[in-house]
Structure formats: structure tokens, C-alpha cells
file work.txt (compact mmCIF, N, CA, C and O atoms)
# COMPACT_ATOMS: atom_id res chain seq x y z
N MET S 948 113.19 99.58 68.56
CA MET S 948 114.61 99.55 68.26
C MET S 948 115.06 98.09 68.12
O MET S 948 114.81 97.27 68.99
N THR S 949 115.70 97.78 67.05
CA THR S 949 116.20 96.43 66.83
C THR S 949 117.72 96.45 66.85
O THR S 949 118.34 97.38 66.37
N ALA S 950 118.26 95.41 67.43
CA ALA S 950 119.72 95.30 67.49
C ALA S 950 120.21 94.52 66.28
O ALA S 950 119.60 93.53 65.87
N HIS S 951 121.29 94.99 65.72
CA HIS S 951 121.89 94.31 64.57
C HIS S 951 123.38 94.12 64.84
O HIS S 951 124.09 95.08 65.12
N ILE S 952 123.81 92.89 64.77
CA ILE S 952 125.23 92.59 64.98
C ILE S 952 125.80 92.08 63.66
O ILE S 952 125.25 91.16 63.05
N ASP S 953 126.88 92.68 63.22
CA ASP S 953 127.49 92.31 61.95
C ASP S 953 128.05 90.89 61.99
O ASP S 953 128.36 90.35 63.06
N LYS S 954 128.21 90.31 60.82
CA LYS S 954 128.71 88.94 60.70
C LYS S 954 130.11 88.80 61.29
O LYS S 954 130.47 87.74 61.80
N ALA S 955 130.91 89.84 61.21
CA ALA S 955 132.28 89.77 61.75
C ALA S 955 132.27 89.50 63.25
O ALA S 955 133.08 88.73 63.76
N TYR S 956 131.32 90.10 63.96
CA TYR S 956 131.24 89.88 65.41
C TYR S 956 130.79 88.46 65.72
O TYR S 956 131.29 87.83 66.66
N TRP S 957 129.84 87.92 64.97
CA TRP S 957 129.40 86.55 65.17
C TRP S 957 130.53 85.57 64.89
O TRP S 957 130.71 84.60 65.63
N LEU S 958 131.27 85.81 63.82
CA LEU S 958 132.40 84.95 63.50
C LEU S 958 133.47 85.02 64.58
O LEU S 958 134.04 84.00 64.98
N GLY S 959 133.74 86.21 65.09
CA GLY S 959 134.70 86.36 66.18
C GLY S 959 134.27 85.63 67.43
O GLY S 959 135.10 85.02 68.13
N LEU S 960 132.98 85.65 67.72
CA LEU S 960 132.47 84.94 68.88
C LEU S 960 132.61 83.43 68.71
O LEU S 960 133.03 82.72 69.63
N LEU S 961 132.31 82.94 67.53
CA LEU S 961 132.47 81.52 67.24
C LEU S 961 133.93 81.09 67.36
O LEU S 961 134.25 80.05 67.95
N ILE S 962 134.82 81.91 66.83
CA ILE S 962 136.25 81.60 66.92
C ILE S 962 136.71 81.58 68.37
O ILE S 962 137.50 80.72 68.78
N SER S 963 136.21 82.51 69.19
CA SER S 963 136.64 82.56 70.59
C SER S 963 136.16 81.33 71.37
O SER S 963 136.80 80.95 72.34
N VAL S 964 135.08 80.69 70.95
CA VAL S 964 134.62 79.46 71.60
C VAL S 964 135.54 78.30 71.23
O VAL S 964 135.79 77.40 72.03
N VAL S 965 136.11 78.33 70.02
CA VAL S 965 136.96 77.23 69.54
C VAL S 965 138.44 77.43 69.90
O VAL S 965 139.22 76.49 69.86
N LEU S 966 138.82 78.63 70.29
CA LEU S 966 140.23 78.91 70.59
C LEU S 966 140.85 77.98 71.65
O LEU S 966 142.00 77.56 71.47
N PRO S 967 140.15 77.60 72.73
CA PRO S 967 140.79 76.68 73.68
C PRO S 967 141.15 75.33 73.06
O PRO S 967 142.15 74.72 73.44
N VAL S 968 140.36 74.86 72.11
CA VAL S 968 140.69 73.60 71.43
C VAL S 968 141.94 73.79 70.59
O VAL S 968 142.82 72.93 70.55
N LEU S 969 142.05 74.95 69.94
CA LEU S 969 143.24 75.25 69.15
C LEU S 969 144.49 75.31 70.04
O LEU S 969 145.54 74.78 69.68
N VAL S 970 144.36 75.91 71.21
CA VAL S 970 145.48 75.94 72.16
C VAL S 970 145.85 74.52 72.57
O VAL S 970 147.03 74.18 72.66
N GLY S 971 144.85 73.67 72.77
CA GLY S 971 145.12 72.28 73.11
C GLY S 971 145.81 71.52 72.00
O GLY S 971 146.62 70.63 72.25
N LEU S 972 145.50 71.89 70.75
CA LEU S 972 146.14 71.21 69.63
C LEU S 972 147.62 71.56 69.50
O LEU S 972 148.42 70.73 69.07
N VAL S 973 147.99 72.78 69.85
CA VAL S 973 149.38 73.20 69.66
C VAL S 973 150.24 73.08 70.91
O VAL S 973 151.42 73.39 70.87
N THR S 974 149.65 72.62 72.02
CA THR S 974 150.43 72.42 73.24
C THR S 974 150.35 70.95 73.65
O THR S 974 149.56 70.19 73.14
N LYS S 975 151.20 70.59 74.57
CA LYS S 975 151.20 69.22 75.09
C LYS S 975 150.58 69.22 76.48
O LYS S 975 150.40 70.26 77.09
N ARG S 976 150.27 68.03 76.96
CA ARG S 976 149.67 67.92 78.30
C ARG S 976 150.61 68.44 79.39
O ARG S 976 150.15 68.92 80.41
N VAL S 977 151.90 68.32 79.19
CA VAL S 977 152.85 68.72 80.21
C VAL S 977 153.15 70.22 80.18
O VAL S 977 153.87 70.73 81.03
N THR S 978 152.59 70.94 79.21
CA THR S 978 152.79 72.38 79.13
C THR S 978 152.12 73.04 80.33
O THR S 978 150.99 72.71 80.68
N HIS S 979 152.83 73.97 80.94
CA HIS S 979 152.32 74.66 82.12
C HIS S 979 151.02 75.40 81.78
O HIS S 979 150.88 75.96 80.70
N ALA S 980 150.08 75.38 82.70
CA ALA S 980 148.78 76.03 82.48
C ALA S 980 148.93 77.53 82.23
O ALA S 980 148.15 78.11 81.48
N GLY S 981 149.94 78.16 82.83
CA GLY S 981 150.17 79.58 82.60
C GLY S 981 150.57 79.88 81.16
O GLY S 981 150.16 80.89 80.59
N VAL S 982 151.35 78.98 80.57
CA VAL S 982 151.74 79.14 79.16
C VAL S 982 150.52 79.02 78.27
O VAL S 982 150.34 79.79 77.32
N LYS S 983 149.66 78.07 78.59
CA LYS S 983 148.43 77.90 77.81
C LYS S 983 147.54 79.13 77.94
O LYS S 983 146.92 79.57 76.96
N ALA S 984 147.46 79.70 79.14
CA ALA S 984 146.63 80.89 79.35
C ALA S 984 147.17 82.09 78.57
O ALA S 984 146.41 82.86 77.98
N VAL S 985 148.49 82.25 78.56
CA VAL S 985 149.09 83.36 77.81
C VAL S 985 148.88 83.15 76.31
O VAL S 985 148.59 84.11 75.58
N LEU S 986 148.97 81.93 75.84
CA LEU S 986 148.71 81.64 74.43
C LEU S 986 147.25 81.93 74.08
O LEU S 986 146.97 82.52 73.04
N LEU S 987 146.34 81.55 74.96
CA LEU S 987 144.92 81.86 74.74
C LEU S 987 144.69 83.36 74.74
O LEU S 987 143.93 83.88 73.91
N LEU S 988 145.35 84.08 75.63
CA LEU S 988 145.23 85.54 75.66
C LEU S 988 145.76 86.16 74.38
O LEU S 988 145.14 87.07 73.81
N ALA S 989 146.89 85.67 73.89
CA ALA S 989 147.45 86.22 72.64
C ALA S 989 146.54 85.95 71.45
O ALA S 989 146.29 86.84 70.63
N LEU S 990 146.01 84.75 71.36
CA LEU S 990 145.10 84.42 70.26
C LEU S 990 143.79 85.20 70.37
O LEU S 990 143.22 85.62 69.37
N SER S 991 143.32 85.41 71.60
CA SER S 991 142.10 86.20 71.81
C SER S 991 142.32 87.66 71.42
O SER S 991 141.43 88.29 70.83
N THR S 992 143.50 88.18 71.73
CA THR S 992 143.82 89.56 71.34
C THR S 992 143.88 89.68 69.83
O THR S 992 143.32 90.62 69.25
N LEU S 993 144.52 88.73 69.19
CA LEU S 993 144.56 88.72 67.73
C LEU S 993 143.15 88.64 67.15
O LEU S 993 142.81 89.36 66.21
N ASN S 994 142.32 87.79 67.72
CA ASN S 994 140.94 87.65 67.28
C ASN S 994 140.18 88.97 67.42
O ASN S 994 139.51 89.40 66.49
N GLY S 995 140.31 89.62 68.56
CA GLY S 995 139.60 90.88 68.78
C GLY S 995 140.02 91.97 67.81
O GLY S 995 139.17 92.70 67.28
N PHE S 996 141.31 92.08 67.56
CA PHE S 996 141.80 93.11 66.65
C PHE S 996 141.41 92.81 65.21
O PHE S 996 141.07 93.72 64.45
N LEU S 997 141.43 91.54 64.82
CA LEU S 997 141.04 91.18 63.45
C LEU S 997 139.54 91.34 63.23
O LEU S 997 139.11 91.75 62.15
N VAL S 998 138.74 91.05 64.25
CA VAL S 998 137.29 91.25 64.12
C VAL S 998 136.99 92.73 63.95
O VAL S 998 136.16 93.11 63.11
N GLU S 999 137.64 93.57 64.72
CA GLU S 999 137.41 95.01 64.57
C GLU S 999 137.89 95.50 63.21
O GLU S 999 137.26 96.37 62.60
N LEU S 1000 138.95 94.92 62.71
CA LEU S 1000 139.44 95.29 61.38
C LEU S 1000 138.45 94.84 60.29
O LEU S 1000 138.23 95.56 59.31
N ALA S 1001 137.85 93.66 60.48
CA ALA S 1001 136.90 93.14 59.49
C ALA S 1001 135.52 93.77 59.59
O ALA S 1001 134.71 93.61 58.68
N ASN S 1002 135.26 94.47 60.67
CA ASN S 1002 133.96 95.11 60.85
C ASN S 1002 133.72 96.12 59.73
O ASN S 1002 134.59 96.96 59.46
N PRO S 1003 132.56 96.08 59.09
CA PRO S 1003 132.33 96.99 57.96
C PRO S 1003 131.99 98.42 58.38
O PRO S 1003 131.52 99.19 57.57
N GLY S 1004 132.24 98.77 59.61
CA GLY S 1004 131.95 100.13 60.08
C GLY S 1004 132.85 101.16 59.42
O GLY S 1004 133.74 100.85 58.64
N PRO S 1005 132.63 102.43 59.76
CA PRO S 1005 133.35 103.51 59.08
C PRO S 1005 134.85 103.56 59.37
O PRO S 1005 135.63 103.93 58.52
N ASP S 1006 135.26 103.18 60.57
CA ASP S 1006 136.69 103.25 60.88
C ASP S 1006 137.04 102.23 61.94
O ASP S 1006 136.20 101.64 62.58
N TRP S 1007 138.35 102.03 62.13
CA TRP S 1007 138.87 101.08 63.11
C TRP S 1007 139.00 101.80 64.44
O TRP S 1007 139.52 102.92 64.52
N ASP S 1008 138.54 101.15 65.53
CA ASP S 1008 138.58 101.76 66.85
C ASP S 1008 139.38 100.87 67.80
O ASP S 1008 139.05 99.70 67.99
N PHE S 1009 140.43 101.44 68.39
CA PHE S 1009 141.30 100.69 69.29
C PHE S 1009 140.53 100.22 70.53
O PHE S 1009 140.70 99.08 70.98
N GLY S 1010 139.70 101.07 71.10
CA GLY S 1010 138.95 100.71 72.30
C GLY S 1010 138.02 99.53 72.06
O GLY S 1010 137.90 98.63 72.89
N THR S 1011 137.36 99.53 70.92
CA THR S 1011 136.48 98.41 70.58
C THR S 1011 137.28 97.13 70.39
O THR S 1011 136.87 96.06 70.81
N ALA S 1012 138.46 97.24 69.79
CA ALA S 1012 139.31 96.07 69.60
C ALA S 1012 139.75 95.49 70.93
O ALA S 1012 139.79 94.26 71.10
N VAL S 1013 140.06 96.34 71.90
CA VAL S 1013 140.45 95.86 73.23
C VAL S 1013 139.28 95.16 73.91
O VAL S 1013 139.44 94.09 74.51
N ILE S 1014 138.10 95.75 73.84
CA ILE S 1014 136.92 95.13 74.45
C ILE S 1014 136.61 93.80 73.78
O ILE S 1014 136.30 92.81 74.47
N LEU S 1015 136.70 93.74 72.47
CA LEU S 1015 136.48 92.48 71.76
C LEU S 1015 137.50 91.42 72.17
O LEU S 1015 137.17 90.24 72.29
N SER S 1016 138.74 91.84 72.41
CA SER S 1016 139.78 90.91 72.86
C SER S 1016 139.46 90.35 74.23
O SER S 1016 139.61 89.15 74.47
N LEU S 1017 139.00 91.21 75.14
CA LEU S 1017 138.65 90.76 76.49
C LEU S 1017 137.44 89.83 76.46
O LEU S 1017 137.40 88.83 77.18
N VAL S 1018 136.46 90.15 75.63
CA VAL S 1018 135.29 89.28 75.49
C VAL S 1018 135.71 87.93 74.91
O VAL S 1018 135.24 86.88 75.37
N ALA S 1019 136.60 87.94 73.94
CA ALA S 1019 137.07 86.69 73.34
C ALA S 1019 137.83 85.84 74.36
O ALA S 1019 137.65 84.62 74.42
N PHE S 1020 138.65 86.48 75.19
CA PHE S 1020 139.39 85.74 76.21
C PHE S 1020 138.44 85.16 77.25
O PHE S 1020 138.55 83.98 77.62
N GLY S 1021 137.50 85.96 77.72
CA GLY S 1021 136.52 85.47 78.69
C GLY S 1021 135.69 84.33 78.13
O GLY S 1021 135.44 83.32 78.81
N THR S 1022 135.27 84.47 76.90
CA THR S 1022 134.49 83.41 76.25
C THR S 1022 135.33 82.15 76.10
O THR S 1022 134.84 81.03 76.30
N GLY S 1023 136.60 82.31 75.75
CA GLY S 1023 137.49 81.15 75.62
C GLY S 1023 137.68 80.41 76.93
O GLY S 1023 137.63 79.18 76.97
N VAL S 1024 137.89 81.16 78.00
CA VAL S 1024 138.07 80.53 79.32
C VAL S 1024 136.79 79.83 79.75
O VAL S 1024 136.82 78.68 80.22
N LEU S 1025 135.67 80.50 79.59
CA LEU S 1025 134.39 79.90 79.98
C LEU S 1025 134.06 78.66 79.15
O LEU S 1025 133.56 77.66 79.68
N SER S 1026 134.33 78.72 77.85
CA SER S 1026 134.04 77.55 77.01
C SER S 1026 134.98 76.39 77.32
O SER S 1026 134.59 75.23 77.24
N HIS S 1027 136.22 76.71 77.72
CA HIS S 1027 137.15 75.64 78.09
C HIS S 1027 136.65 74.90 79.33
O HIS S 1027 136.54 73.67 79.32
N PHE S 1028 136.35 75.65 80.39
CA PHE S 1028 135.96 75.01 81.64
C PHE S 1028 134.50 74.55 81.65
O PHE S 1028 134.14 73.65 82.40
N GLY S 1029 133.65 75.16 80.83
CA GLY S 1029 132.25 74.80 80.84
C GLY S 1029 131.83 73.82 79.76
O GLY S 1029 130.81 73.15 79.89
N LEU S 1030 132.61 73.73 78.69
CA LEU S 1030 132.21 72.88 77.56
C LEU S 1030 133.28 71.87 77.17
O LEU S 1030 133.04 70.66 77.17
N TRP S 1031 134.47 72.33 76.86
CA TRP S 1031 135.49 71.46 76.29
C TRP S 1031 136.11 70.52 77.31
O TRP S 1031 136.33 69.35 77.01
N LYS S 1032 136.42 70.99 78.50
CA LYS S 1032 137.06 70.14 79.50
C LYS S 1032 136.11 69.07 80.04
O LYS S 1032 136.48 67.90 80.12
N PRO S 1033 134.86 69.41 80.41
CA PRO S 1033 133.97 68.36 80.92
C PRO S 1033 133.61 67.28 79.89
O PRO S 1033 133.36 66.14 80.25
N THR S 1034 133.58 67.63 78.63
CA THR S 1034 133.23 66.65 77.60
C THR S 1034 134.43 65.84 77.12
O THR S 1034 134.26 64.92 76.34
N GLY S 1035 135.63 66.19 77.55
CA GLY S 1035 136.83 65.45 77.19
C GLY S 1035 137.48 65.90 75.89
O GLY S 1035 138.46 65.31 75.45
N VAL S 1036 136.94 66.95 75.26
CA VAL S 1036 137.50 67.43 74.00
C VAL S 1036 138.90 68.00 74.21
O VAL S 1036 139.79 67.81 73.37
N SER S 1037 139.12 68.68 75.33
CA SER S 1037 140.45 69.25 75.61
C SER S 1037 141.52 68.17 75.68
O SER S 1037 142.59 68.32 75.11
N ALA S 1038 141.22 67.09 76.37
CA ALA S 1038 142.20 66.00 76.49
C ALA S 1038 142.47 65.36 75.14
O ALA S 1038 143.61 65.05 74.80
N LYS S 1039 141.43 65.18 74.34
CA LYS S 1039 141.60 64.57 73.02
C LYS S 1039 142.38 65.49 72.09
O LYS S 1039 143.17 65.03 71.27
N ALA S 1040 142.17 66.79 72.22
CA ALA S 1040 142.89 67.74 71.38
C ALA S 1040 144.38 67.72 71.71
O ALA S 1040 145.22 67.84 70.82
N GLN S 1041 144.71 67.56 72.98
CA GLN S 1041 146.13 67.57 73.36
C GLN S 1041 146.84 66.30 72.95
O GLN S 1041 148.05 66.32 72.75
N THR S 1042 146.13 65.20 72.80
CA THR S 1042 146.78 63.97 72.36
C THR S 1042 146.72 63.80 70.84
O THR S 1042 147.37 62.93 70.29
N ALA S 1043 145.95 64.65 70.16
CA ALA S 1043 145.74 64.50 68.72
C ALA S 1043 147.02 64.70 67.90
O ALA S 1043 147.25 63.96 66.96
N LEU S 1044 147.81 65.66 68.23
CA LEU S 1044 149.01 65.95 67.44
C LEU S 1044 150.28 65.51 68.14
O LEU S 1044 151.30 66.18 68.11
N GLY S 1045 150.22 64.38 68.80
CA GLY S 1045 151.41 63.81 69.42
C GLY S 1045 151.65 64.26 70.84
O GLY S 1045 152.73 64.03 71.37
N GLY S 1046 150.67 64.87 71.47
CA GLY S 1046 150.82 65.24 72.88
C GLY S 1046 150.84 63.97 73.71
O GLY S 1046 150.01 63.10 73.54
N SER S 1047 151.78 63.89 74.58
CA SER S 1047 151.92 62.66 75.37
C SER S 1047 150.89 62.62 76.48
O SER S 1047 150.54 63.64 77.06
N ALA S 1048 150.39 61.45 76.74
CA ALA S 1048 149.49 61.26 77.86
C ALA S 1048 150.28 61.28 79.15
O ALA S 1048 151.45 60.91 79.18
N PRO S 1049 149.68 61.75 80.24
CA PRO S 1049 150.43 61.78 81.50
C PRO S 1049 150.80 60.37 81.96
O PRO S 1049 150.03 59.44 81.79
N ARG S 1050 151.98 60.25 82.52
CA ARG S 1050 152.45 58.95 82.99
C ARG S 1050 151.81 58.63 84.33
O ARG S 1050 151.71 59.47 85.20
N SER S 1051 151.40 57.40 84.48
CA SER S 1051 150.86 56.98 85.77
C SER S 1051 152.02 56.52 86.65
O SER S 1051 152.91 55.80 86.23
N VAL S 1052 151.99 56.96 87.88
CA VAL S 1052 153.09 56.66 88.80
C VAL S 1052 152.74 55.53 89.71
O VAL S 1052 151.70 55.22 90.07

call {"tool": "encode", "arguments": {"input": "work.txt", "output": "C-alpha cells"}}
result
Amino acid sequence: MTAHIDKAYWLGLLISVVLPVLVGLVTKRVTHAGVKAVLLLALSTLNGFLVELANPGPDWDFGTAVILSLVAFGTGVLSHFGLWKPTGVSAKAQTALGGSAPRSV
């Protein structure tokens, strides 16, 4: 038995790894972490539903879309704390579009 994953699922997984950087680009450093988390959840939900819609299967399934959304959110959180934040990409993304650097007191 061989497993086959459609291109839509691979693309959705790649997008979910990049979503935390996108959240960093559209928010500022002073934005509350809860707001960023809700924005990541909303984008992950959109990603999951669009991936299920793009899937070339016979029909659209709500349950699969919800699972894909949860996987996208989990992947986004893990990639933020495991990849983007330690390498400094998150901080650079937040200052890229005019996000202010924190003031030193």
C-alpha cells in the first residue's frame, strides 16, 4: 500500500509554515500576543477550508476542512516557536512594514 497526498495538501502545509511570518508582517511588535494568535487561527482556518476546496476529491467535506484547519494552526504555532522566532525572522518581519521596535527603558 502506498500513500499518496495531493498537491493541495502539500501546498496547504507549506502555507501553514509561512503563516506566522505573514502575521508578523501585518502586526506590530506592540500588538498583544492574543490578537496575533487569533489572527493566526483565522488564517489557518481559511487555509484549511481553501485546501479542502482545492482538493481534487469527489466532494467537499466539512470535517476534513476542520481537521486541516487545526493541523495548519498547530503547524503555524510550532513553526513560529521552533523555527521563525529562534532565527530572528519573526522580529525582522514585524519591523519590515513599519513595525516599531520596542523602546528601551

call {"tool": "atom_distance", "arguments": {"input": "work.txt", "atom1": "atom N of S:Phe1020", "atom2": "atom N of S:Leu990"}}
result
8.5 Å

call {"tool": "closest_residue", "arguments": {"input": "work.txt", "among": "S:Ala1040, S:Leu1030, S:Val998, S:Val1013", "to": "S:Ala955", "atoms": "all atoms listed in the file"}}
result
S:Val998

call {"tool": "atom_distance", "arguments": {"input": "work.txt", "atom1": "atom CA of S:Ala1038", "atom2": "atom CA of S:Leu986"}}
result
17.1 Å

call {"tool": "atom_distance", "arguments": {"input": "work.txt", "atom1": "atom N of S:Val973", "atom2": "atom CA of S:Ile1014"}}
result
25.4 Å

call {"tool": "residues_around", "arguments": {"input": "work.txt", "residues": "S:Ser963", "least_positions_apart": "2", "cutoff": "7 Å", "atoms": "all atoms listed in the file", "output": "number ranges by chain"}}
result
S: 957-961, 965-967, 991, 1018-1024, 1026-1027

call {"tool": "select_by_dssp", "arguments": {"input": "work.txt", "residues": "stretch 956-1040 of chain S", "states": "alpha helix (DSSP H)", "output": "PyMOL selection string"}}
result
chain S and resi 956-973+980-1001+1009-1026+1032-1034+1036-1040

call {"tool": "closest_residue", "arguments": {"input": "work.txt", "among": "S:Gly1035, S:Gly981, S:Pro1003, S:Gly971", "to": "S:Asp953", "atoms": "all atoms listed in the file"}}
result
S:Pro1003

call {"tool": "residues_around", "arguments": {"input": "work.txt", "residues": "S:Leu1044", "least_positions_apart": "5", "cutoff": "7 Å", "atoms": "all atoms listed in the file", "output": "PyMOL selection string"}}
result
chain S and resi 971-972+974+1039

call {"tool": "write_last_selection", "arguments": {"input": "work.txt", "atoms": "N, CA, C and O atoms", "output": "CSV table (one decimal), keeping the file's coordinate frame"}}
result
chain,number,residue,atom,x,y,z
S,971,GLY,N,144.8,73.7,72.8
S,971,GLY,CA,145.1,72.3,73.1
S,971,GLY,C,145.8,71.5,72.0
S,971,GLY,O,146.6,70.6,72.2
S,972,LEU,N,145.5,71.9,70.8
S,972,LEU,CA,146.1,71.2,69.6
S,972,LEU,C,147.6,71.6,69.5
S,972,LEU,O,148.4,70.7,69.1
S,974,THR,N,149.6,72.6,72.0
S,974,THR,CA,150.4,72.4,73.2
S,974,THR,C,150.4,71.0,73.6
S,974,THR,O,149.6,70.2,73.1
S,1039,LYS,N,141.4,65.2,74.3
S,1039,LYS,CA,141.6,64.6,73.0
S,1039,LYS,C,142.4,65.5,72.1
S,1039,LYS,O,143.2,65.0,71.3

call {"tool": "closest_residue", "arguments": {"input": "work.txt", "among": "S:Met948, S:Leu987, S:Tyr956, S:Ile962", "to": "S:Asn1002", "atoms": "all atoms listed in the file"}}
result
S:Tyr956

call {"tool": "residues_around", "arguments": {"input": "work.txt", "residues": "S:Gly995", "least_positions_apart": "5", "cutoff": "4.5 Å", "atoms": "all atoms listed in the file", "output": "PyMOL selection string"}}
result
chain S and resi 1012+1015-1016

call {"tool": "closest_residue", "arguments": {"input": "work.txt", "among": "S:Leu1000, S:Leu1017, S:Gln1041, S:Gly1010", "to": "S:Leu988", "atoms": "only N, CA, C and O atoms"}}
result
S:Leu1017

call {"tool": "closest_residue", "arguments": {"input": "work.txt", "among": "S:Asp1008, S:Leu997, S:Lys954, S:Val968", "to": "S:Trp1031", "atoms": "all atoms listed in the file"}}
result
S:Val968

call {"tool": "axis_aligned_box", "arguments": {"input": "work.txt", "around": "stretch 1012-1021 of chain S", "padding_each_side": "3 Å", "output": "lines of an AutoDock Vina configuration file"}}
result
center_x = 137.8
center_y = 90.3
center_z = 74.2
size_x = 11.2
size_y = 19.9
size_z = 15.2

call {"tool": "build_atoms", "arguments": {"input": "work.txt", "residues": "stretch 973-981 of chain S", "atoms": "all heavy atoms", "output": "PDB file, in the frame of the given file"}}
result
ATOM      1  N   VAL S 973     147.990  72.780  69.850  1.00  0.00           N
ATOM      2  CA  VAL S 973     149.380  73.200  69.660  1.00  0.00           C
ATOM      3  C   VAL S 973     150.240  73.080  70.910  1.00  0.00           C
ATOM      4  O   VAL S 973     151.420  73.390  70.870  1.00  0.00           O
ATOM      5  CB  VAL S 973     149.456  74.653  69.114  1.00  0.00           C
ATOM      6  CG1 VAL S 973     148.777  74.758  67.776  1.00  0.00           C
ATOM      7  CG2 VAL S 973     148.870  75.640  70.100  1.00  0.00           C
ATOM      8  N   THR S 974     149.650  72.620  72.020  1.00  0.00           N
ATOM      9  CA  THR S 974     150.430  72.420  73.240  1.00  0.00           C
ATOM     10  C   THR S 974     150.350  70.950  73.650  1.00  0.00           C
ATOM     11  O   THR S 974     149.560  70.190  73.140  1.00  0.00           O
ATOM     12  CB  THR S 974     149.905  73.288  74.401  1.00  0.00           C
ATOM     13  OG1 THR S 974     148.534  72.971  74.647  1.00  0.00           O
ATOM     14  CG2 THR S 974     150.058  74.755  74.103  1.00  0.00           C
ATOM     15  N   LYS S 975     151.200  70.590  74.570  1.00  0.00           N
ATOM     16  CA  LYS S 975     151.200  69.220  75.090  1.00  0.00           C
ATOM     17  C   LYS S 975     150.580  69.220  76.480  1.00  0.00           C
ATOM     18  O   LYS S 975     150.400  70.260  77.090  1.00  0.00           O
ATOM     19  CB  LYS S 975     152.628  68.683  75.159  1.00  0.00           C
ATOM     20  CG  LYS S 975     153.279  68.550  73.796  1.00  0.00           C
ATOM     21  CD  LYS S 975     154.627  67.892  73.924  1.00  0.00           C
ATOM     22  CE  LYS S 975     155.308  67.785  72.589  1.00  0.00           C
ATOM     23  NZ  LYS S 975     154.829  66.702  71.774  1.00  0.00           N
ATOM     24  N   ARG S 976     150.270  68.030  76.960  1.00  0.00           N
ATOM     25  CA  ARG S 976     149.670  67.920  78.300  1.00  0.00           C
ATOM     26  C   ARG S 976     150.610  68.440  79.390  1.00  0.00           C
ATOM     27  O   ARG S 976     150.150  68.920  80.410  1.00  0.00           O
ATOM     28  CB  ARG S 976     149.313  66.475  78.604  1.00  0.00           C
ATOM     29  CG  ARG S 976     148.125  65.986  77.871  1.00  0.00           C
ATOM     30  CD  ARG S 976     147.844  64.536  78.286  1.00  0.00           C
ATOM     31  NE  ARG S 976     146.740  63.996  77.552  1.00  0.00           N
ATOM     32  CZ  ARG S 976     145.531  63.811  78.076  1.00  0.00           C
ATOM     33  NH1 ARG S 976     145.304  64.123  79.321  1.00  0.00           N
ATOM     34  NH2 ARG S 976     144.576  63.303  77.344  1.00  0.00           N
ATOM     35  N   VAL S 977     151.900  68.320  79.190  1.00  0.00           N
ATOM     36  CA  VAL S 977     152.850  68.720  80.210  1.00  0.00           C
ATOM     37  C   VAL S 977     153.150  70.220  80.180  1.00  0.00           C
ATOM     38  O   VAL S 977     153.870  70.730  81.030  1.00  0.00           O
ATOM     39  CB  VAL S 977     154.170  67.923  80.093  1.00  0.00           C
ATOM     40  CG1 VAL S 977     153.918  66.456  80.395  1.00  0.00           C
ATOM     41  CG2 VAL S 977     154.792  68.095  78.727  1.00  0.00           C
ATOM     42  N   THR S 978     152.590  70.940  79.210  1.00  0.00           N
ATOM     43  CA  THR S 978     152.790  72.380  79.130  1.00  0.00           C
ATOM     44  C   THR S 978     152.120  73.040  80.330  1.00  0.00           C
ATOM     45  O   THR S 978     150.990  72.710  80.680  1.00  0.00           O
ATOM     46  CB  THR S 978     152.183  72.937  77.819  1.00  0.00           C
ATOM     47  OG1 THR S 978     152.749  72.231  76.715  1.00  0.00           O
ATOM     48  CG2 THR S 978     152.463  74.410  77.668  1.00  0.00           C
ATOM     49  N   HIS S 979     152.830  73.970  80.940  1.00  0.00           N
ATOM     50  CA  HIS S 979     152.320  74.660  82.120  1.00  0.00           C
ATOM     51  C   HIS S 979     151.020  75.400  81.780  1.00  0.00           C
ATOM     52  O   HIS S 979     150.880  75.960  80.700  1.00  0.00           O
ATOM     53  CB  HIS S 979     153.381  75.652  82.634  1.00  0.00           C
ATOM     54  CG  HIS S 979     153.048  76.227  83.961  1.00  0.00           C
ATOM     55  ND1 HIS S 979     152.296  77.369  84.099  1.00  0.00           N
ATOM     56  CD2 HIS S 979     153.367  75.819  85.209  1.00  0.00           C
ATOM     57  CE1 HIS S 979     152.161  77.647  85.381  1.00  0.00           C
ATOM     58  NE2 HIS S 979     152.808  76.721  86.085  1.00  0.00           N
ATOM     59  N   ALA S 980     150.080  75.380  82.700  1.00  0.00           N
ATOM     60  CA  ALA S 980     148.780  76.030  82.480  1.00  0.00           C
ATOM     61  C   ALA S 980     148.930  77.530  82.230  1.00  0.00           C
ATOM     62  O   ALA S 980     148.150  78.110  81.480  1.00  0.00           O
ATOM     63  CB  ALA S 980     147.875  75.788  83.677  1.00  0.00           C
ATOM     64  N   GLY S 981     149.940  78.160  82.830  1.00  0.00           N
ATOM     65  CA  GLY S 981     150.170  79.580  82.600  1.00  0.00           C
ATOM     66  C   GLY S 981     150.570  79.880  81.160  1.00  0.00           C
ATOM     67  O   GLY S 981     150.160  80.890  80.590  1.00  0.00           O
TER      68      GLY S 981
END
